[in-house]
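**Student:** data29.csv (CSV, C-alpha atoms) pasted underneath:
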```csv
chain,number,residue,atom,x,y,z
C,629,MET,CA,139.9,97.8,118.2
C,630,ARG,CA,136.9,100.0,117.4
C,631,TYR,CA,134.1,99.0,115.1
C,632,ASN,CA,131.7,101.4,113.4
C,633,ALA,CA,128.4,99.6,113.3
C,634,SER,CA,126.5,102.4,111.6
C,635,PRO,CA,124.7,101.3,108.4
C,636,PHE,CA,125.7,104.6,106.9
C,637,ALA,CA,129.4,104.2,107.4
C,638,GLY,CA,131.4,104.9,104.3
C,639,LEU,CA,128.4,106.4,102.4
C,640,PRO,CA,128.9,109.8,100.7
C,641,VAL,CA,127.0,112.7,102.2
C,642,VAL,CA,124.3,113.2,99.6
C,643,VAL,CA,123.4,109.5,99.3
C,644,LYS,CA,123.4,109.2,103.1
C,645,ASN,CA,121.1,112.2,103.6
C,646,LEU,CA,118.7,111.1,100.8
C,647,LEU,CA,118.3,107.7,102.5
C,648,ILE,CA,117.7,109.4,105.9
C,649,ILE,CA,115.2,111.9,104.5
C,650,ASN,CA,113.2,109.3,102.6
C,651,GLY,CA,113.1,107.1,105.7
C,652,ILE,CA,111.9,109.9,108.0
C,653,VAL,CA,109.2,111.0,105.5
C,654,PHE,CA,107.9,107.5,105.3
C,655,LEU,CA,107.7,107.2,109.1
C,656,ILE,CA,105.8,110.5,109.3
C,657,LYS,CA,103.5,109.3,106.6
C,658,ILE,CA,102.6,105.9,108.2
C,659,THR,CA,102.1,107.4,111.6
C,660,GLY,CA,99.7,110.0,110.2
C,661,LEU,CA,101.7,112.9,111.6
C,662,GLY,CA,102.0,114.5,108.2
C,663,ASN,CA,98.3,114.8,107.5
C,664,PHE,CA,97.2,118.4,107.4
C,665,GLY,CA,93.6,119.8,107.2
C,666,GLY,CA,92.1,116.4,106.6
C,667,ALA,CA,94.3,115.7,103.6
C,668,ASP,CA,96.9,112.8,103.6
C,669,MET,CA,100.5,113.3,102.6
C,670,ASP,CA,100.1,111.5,99.2
C,671,THR,CA,97.4,114.1,98.3
C,672,LEU,CA,99.5,117.0,99.5
C,673,PHE,CA,102.9,115.9,98.2
C,674,GLY,CA,102.3,113.3,95.6
C,675,LEU,CA,102.4,114.5,92.0
C,676,HIS,CA,99.0,115.2,90.5
C,677,PHE,CA,98.3,115.9,86.9
C,678,PHE,CA,98.7,119.5,86.0
C,679,SER,CA,94.9,120.0,85.2
C,680,SER,CA,93.8,118.4,88.5
C,681,PRO,CA,92.4,120.7,91.2
C,682,LEU,CA,94.8,118.8,93.5
C,683,PHE,CA,98.0,119.8,91.7
C,684,LYS,CA,100.5,122.1,93.4
C,685,PRO,CA,103.9,123.2,91.9
C,686,TRP,CA,105.9,121.8,94.8
C,687,GLN,CA,104.7,118.3,94.0
C,688,LEU,CA,107.2,118.1,91.1
C,689,VAL,CA,109.9,117.8,93.9
C,690,THR,CA,108.1,116.4,96.9
C,691,HIS,CA,106.7,113.3,95.1
C,692,MET,CA,110.3,111.9,95.0
C,693,PHE,CA,110.2,111.6,98.8
C,694,MET,CA,106.8,109.9,99.0
C,695,HIS,CA,106.4,106.1,98.7
C,696,GLY,CA,103.3,103.9,98.4
C,697,GLY,CA,104.5,101.3,101.0
C,698,PHE,CA,107.5,99.7,102.6
C,699,ALA,CA,108.4,97.5,99.7
C,700,HIS,CA,108.2,100.5,97.3
C,701,LEU,CA,110.5,102.5,99.6
C,702,ALA,CA,112.9,99.6,100.2
C,703,LEU,CA,113.4,98.8,96.6
C,704,ASN,CA,114.1,102.4,95.6
C,705,MET,CA,116.5,103.0,98.6
C,706,LEU,CA,118.3,99.7,97.8
C,707,GLY,CA,118.9,101.0,94.3
C,708,LEU,CA,120.2,104.3,95.7
C,709,PHE,CA,122.3,102.5,98.3
C,710,MET,CA,123.9,100.1,95.8
C,711,LEU,CA,124.4,102.3,92.7
C,712,ALA,CA,124.7,105.9,93.8
C,713,PRO,CA,127.8,106.0,96.0
C,714,PRO,CA,130.3,105.3,93.2
C,715,LEU,CA,128.7,108.1,91.2
C,716,GLU,CA,128.9,110.6,94.0
C,717,TYR,CA,132.5,109.8,94.7
C,718,LYS,CA,133.4,110.1,91.1
C,719,TRP,CA,131.3,113.2,90.2
C,720,GLY,CA,131.4,115.0,93.6
C,721,SER,CA,128.4,115.7,95.9
C,722,GLN,CA,127.2,118.9,94.2
C,723,ARG,CA,127.0,117.4,90.7
C,724,PHE,CA,125.5,114.2,91.9
C,725,LEU,CA,122.7,116.0,93.9
C,726,ALA,CA,122.0,118.2,90.8
C,727,TYR,CA,121.8,115.1,88.7
C,728,TYR,CA,119.5,113.2,91.1
C,729,MET,CA,117.1,116.1,91.5
C,730,LEU,CA,117.0,117.0,87.8
C,731,THR,CA,116.3,113.4,86.7
C,732,GLY,CA,113.5,113.2,89.3
C,733,VAL,CA,111.9,116.4,88.3
C,734,GLY,CA,112.5,115.7,84.6
C,735,ALA,CA,110.9,112.2,85.0
C,736,ALA,CA,107.8,113.9,86.5
C,737,LEU,CA,107.6,116.4,83.6
C,738,PHE,CA,108.0,113.6,81.1
C,739,TYR,CA,105.3,111.5,82.8
C,740,SER,CA,103.0,114.5,83.0
C,741,GLY,CA,103.7,115.5,79.4
C,742,VAL,CA,102.7,112.2,78.0
C,743,HIS,CA,99.6,112.2,80.2
C,744,ALA,CA,98.7,115.7,78.9
C,745,ILE,CA,98.5,114.3,75.4
C,746,GLU,CA,96.3,111.5,76.6
C,747,TYR,CA,94.1,114.0,78.6
C,748,LEU,CA,93.6,116.3,75.6
C,749,GLN,CA,92.4,113.4,73.5
C,750,LEU,CA,90.0,112.2,76.3
C,751,ALA,CA,88.7,115.7,76.9
C,752,ASN,CA,88.0,116.2,73.2
C,753,GLU,CA,86.1,112.9,73.2
C,754,VAL,CA,83.9,113.5,76.2
C,755,GLY,CA,83.6,117.4,76.1
C,756,LEU,CA,84.6,120.0,78.7
C,757,GLN,CA,81.3,119.8,80.5
C,758,ALA,CA,81.9,116.2,81.4
C,759,VAL,CA,85.5,117.0,82.4
C,760,GLU,CA,84.2,119.7,84.8
C,761,GLU,CA,81.8,117.2,86.3
C,762,VAL,CA,84.7,114.9,87.1
C,763,LYS,CA,86.5,117.7,88.8
C,764,ARG,CA,83.5,118.6,90.9
C,765,ASN,CA,83.1,114.9,92.0
C,766,GLY,CA,86.5,115.0,93.5
C,767,PRO,CA,88.7,112.0,94.4
C,768,ASP,CA,87.3,108.6,93.8
C,769,LEU,CA,90.3,106.4,94.7
C,770,TRP,CA,88.3,103.2,95.4
C,771,ALA,CA,86.3,103.2,92.2
C,772,GLN,CA,88.5,104.4,89.5
C,773,TYR,CA,86.3,103.2,86.7
C,774,GLN,CA,83.2,101.6,88.3
C,775,ASN,CA,81.4,104.9,89.0
C,776,TYR,CA,81.7,105.9,85.3
C,777,THR,CA,79.9,104.1,82.6
C,778,ASP,CA,82.2,105.8,80.1
C,779,PRO,CA,85.8,104.5,80.3
C,780,ALA,CA,87.1,107.8,79.1
C,781,LEU,CA,85.6,109.6,82.1
C,782,GLY,CA,86.9,106.9,84.4
C,783,ARG,CA,90.4,107.5,83.0
C,784,ILE,CA,90.1,111.3,83.4
C,785,ASN,CA,89.0,110.7,87.0
C,786,GLN,CA,92.1,108.5,87.5
C,787,LEU,CA,94.4,111.2,86.0
C,788,PHE,CA,92.9,113.9,88.2
C,789,ASN,CA,92.8,112.1,91.6
C,790,ILE,CA,95.5,109.4,91.8
C,791,PRO,CA,99.0,110.9,92.5
C,792,MET,CA,102.3,109.5,91.4
C,793,VAL,CA,104.7,108.9,94.3
C,794,GLY,CA,108.2,107.6,94.6
C,795,ALA,CA,111.8,108.3,93.7
C,796,SER,CA,111.8,105.7,90.9
C,797,GLY,CA,112.4,108.4,88.2
C,798,ALA,CA,115.5,109.6,89.9
C,799,ILE,CA,116.6,106.0,90.7
C,800,TYR,CA,116.3,105.0,87.1
C,801,GLY,CA,118.4,108.1,86.2
C,802,VAL,CA,121.0,106.8,88.7
C,803,LEU,CA,120.9,103.4,87.1
C,804,LEU,CA,121.4,104.9,83.6
C,805,ALA,CA,124.3,107.0,84.9
C,806,PHE,CA,125.9,104.0,86.6
C,807,GLY,CA,125.6,102.0,83.3
C,808,MET,CA,127.2,104.8,81.3
C,809,THR,CA,130.0,105.5,83.9
C,810,PHE,CA,130.8,102.0,84.9
C,811,PRO,CA,129.6,100.0,81.8
C,812,ASN,CA,131.6,96.8,82.4
C,813,VAL,CA,130.9,96.4,86.1
C,814,GLU,CA,128.9,93.2,86.6
C,815,LEU,CA,125.6,93.3,88.4
C,816,ILE,CA,123.2,90.5,89.4
C,817,MET,CA,119.7,90.8,87.9
C,818,PHE,CA,117.4,89.5,90.7
C,819,PRO,CA,116.1,86.7,90.9
C,820,LEU,CA,118.5,85.3,88.3
C,821,PRO,CA,121.9,84.6,89.8
C,822,ILE,CA,123.6,85.5,86.5
C,823,PRO,CA,126.1,88.4,86.4
C,824,ILE,CA,125.5,90.9,83.6
C,825,ARG,CA,127.4,94.0,82.6
C,826,ALA,CA,125.9,97.3,83.8
C,827,LYS,CA,125.5,98.7,80.3
C,828,TYR,CA,123.4,95.7,79.2
C,829,PHE,CA,121.4,95.8,82.5
C,830,VAL,CA,120.5,99.4,81.7
C,831,LEU,CA,119.4,98.5,78.2
C,832,ILE,CA,117.2,95.6,79.4
C,833,LEU,CA,115.4,97.7,82.1
C,834,GLY,CA,115.1,100.6,79.6
C,835,GLY,CA,113.5,98.3,77.1
C,836,LEU,CA,111.1,96.9,79.7
C,837,SER,CA,110.1,100.5,80.7
C,838,ILE,CA,109.3,101.3,77.0
C,839,PHE,CA,107.3,98.0,76.6
C,840,ASN,CA,105.3,98.5,79.8
C,841,SER,CA,104.6,102.2,78.9
C,842,LEU,CA,103.2,101.2,75.6
C,843,ASP,CA,101.3,98.2,77.0
C,844,SER,CA,98.7,100.3,78.9
C,845,ASN,CA,97.1,98.1,81.7
C,846,PRO,CA,94.6,99.8,83.9
C,847,GLY,CA,95.5,97.5,86.8
C,848,ASP,CA,99.2,98.4,86.6
C,849,ASN,CA,99.9,101.1,89.2
C,850,VAL,CA,103.6,101.4,88.4
C,851,ALA,CA,104.7,104.7,86.8
C,852,HIS,CA,106.7,103.2,83.9
C,853,LEU,CA,106.7,106.5,82.1
C,854,ALA,CA,108.5,108.1,85.1
C,855,HIS,CA,111.1,105.3,84.9
C,856,LEU,CA,111.6,105.9,81.2
C,857,GLY,CA,111.6,109.7,81.8
C,858,GLY,CA,114.3,109.5,84.4
C,859,MET,CA,116.6,107.5,82.0
C,860,VAL,CA,115.9,109.9,79.1
C,861,VAL,CA,116.6,113.0,81.2
C,862,GLY,CA,119.7,111.3,82.6
C,863,PHE,CA,121.0,110.4,79.2
C,864,ILE,CA,120.5,114.0,78.0
C,865,LEU,CA,122.4,115.4,81.0
C,866,ILE,CA,125.3,113.1,80.7
C,867,ARG,CA,125.6,113.8,76.9
C,868,MET,CA,125.5,117.5,77.6
C,869,TRP,CA,128.3,117.2,80.2
C,870,ARG,CA,130.3,115.0,77.7
C,871,HIS,CA,129.8,117.6,75.0
C,872,ARG,CA,131.2,120.3,77.3
C,873,GLY,CA,134.2,118.2,78.1
C,874,ASN,CA,133.1,117.7,81.7
C,875,SER,CA,131.3,114.3,81.5
C,876,HIS,CA,132.6,111.3,83.3
C,877,SER,CA,130.7,109.0,81.0
C,878,ASP,CA,132.6,105.9,79.8
C,879,TRP,CA,129.8,104.4,77.8
C,880,TYR,CA,132.0,103.7,74.8
C,881,ARG,CA,134.8,102.1,76.8
```
Represent the structure contained in this file as structure tokens.

**Tutor:**
Amino acid sequence: MRYNASPFAGLPVVVKNLLIINGIVFLIKITGLGNFGGADMDTLFGLHFFSSPLFKPWQLVTHMFMHGGFAHLALNMLGLFMLAPPLEYKWGSQRFLAYYMLTGVGAALFYSGVHAIEYLQLANEVGLQAVEEVKRNGPDLWAQYQNYTDPALGRINQLFNIPMVGASGAIYGVLLAFGMTFPNVELIMFPLPIPIRAKYFVLILGGLSIFNSLDSNPGDNVAHLAHLGGMVVGFILIRMWRHRGNSHSDWYR
């Protein structure tokens, strides 16, 4: 009798390759092999605000494959591993990959769009000359606020120089799709050992993302807006497919 001990056995092709790529990128990052020209990978490939001197167009995609640490990577990949295979088997690999990438990029645009509104308000408050000074000062990752007596300048410094990394926007899109496609499947909300239907699980996490997005906490480094954006974009995509008669959504079941 033969046993297949591969941890990827039974996984559909897109999910398997996303797990592998994210793992490889993380290994390259922590070994320093991906640092080019004195810039680390987060600076090169993490998503910076559009008005930042550090922003590059490719970051809208590459930020999804960057993670802040092992726990960040593990949590996102666990969500992908647990929730994405049924969607890929049901939708097909091509549609699932399109959905994953569109929700990830859409989450980044949503995140950046909300911050653009905030940035315009801050820039109007402090003036363009002060904004240009922040740009010239460059990254100030270790003193996000302390080097600026004006909190508005500190926040602009943070927007310019601290990138968003992680696949969380796409993962929350996958979570939303799972809840709409398999609404009555029971999930366990860690750490509570209580089964809850997927559609309610999605609503709870969506509500938490909205609450945390509105409750701005300078010490919170989680991109709640990206989580919310991934769910919003995912909902729009699935509704579009449903309207065209191609959706596999069973939300109303």

**Student:** C:Ile822, C:Leu647, C:Val860, C:Ala854: which is nearest Ser740 in chain C, counting all atoms listed in the file?

**Tutor:** C:Ala854

**Student:** Given all atoms listed in the file as the basis, pick out the residue of C:Val861, C:Leu682, C:Leu853, C:Leu833 nearest to Val742 in chain C.

**Tutor:**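 So, comparing all the options, the nearest one is C:Leu853.
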
**Student:** Tell me, as a list in words, which residues lie within 7 Å of Leu856 in chain C, counting all atoms listed in the file; anything in the same chain fewer than 5 positions away does not count.

**Tutor:**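 Within the cut-off, the hits are Gly834, Ser837 and Ile838 of chain C.
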
**Student:** What is the CA of Leu831 in chain C to CA of Phe806 in chain C distance in Å?

**Tutor:**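 Separation between CA of Leu831 in chain C and CA of Phe806 in chain C: 12.0 Å.
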
**Student:** Would you list the contacts of Val762 in chain C as a PyMOL selection string, taking every protein, DNA or RNA residue within 9 Å and counting only C-alpha atoms, but skipping same-chain residues closer than 2 positions in sequence?

**Tutor:** chain C and resi 757-760+764-767+781-782+784-785+788
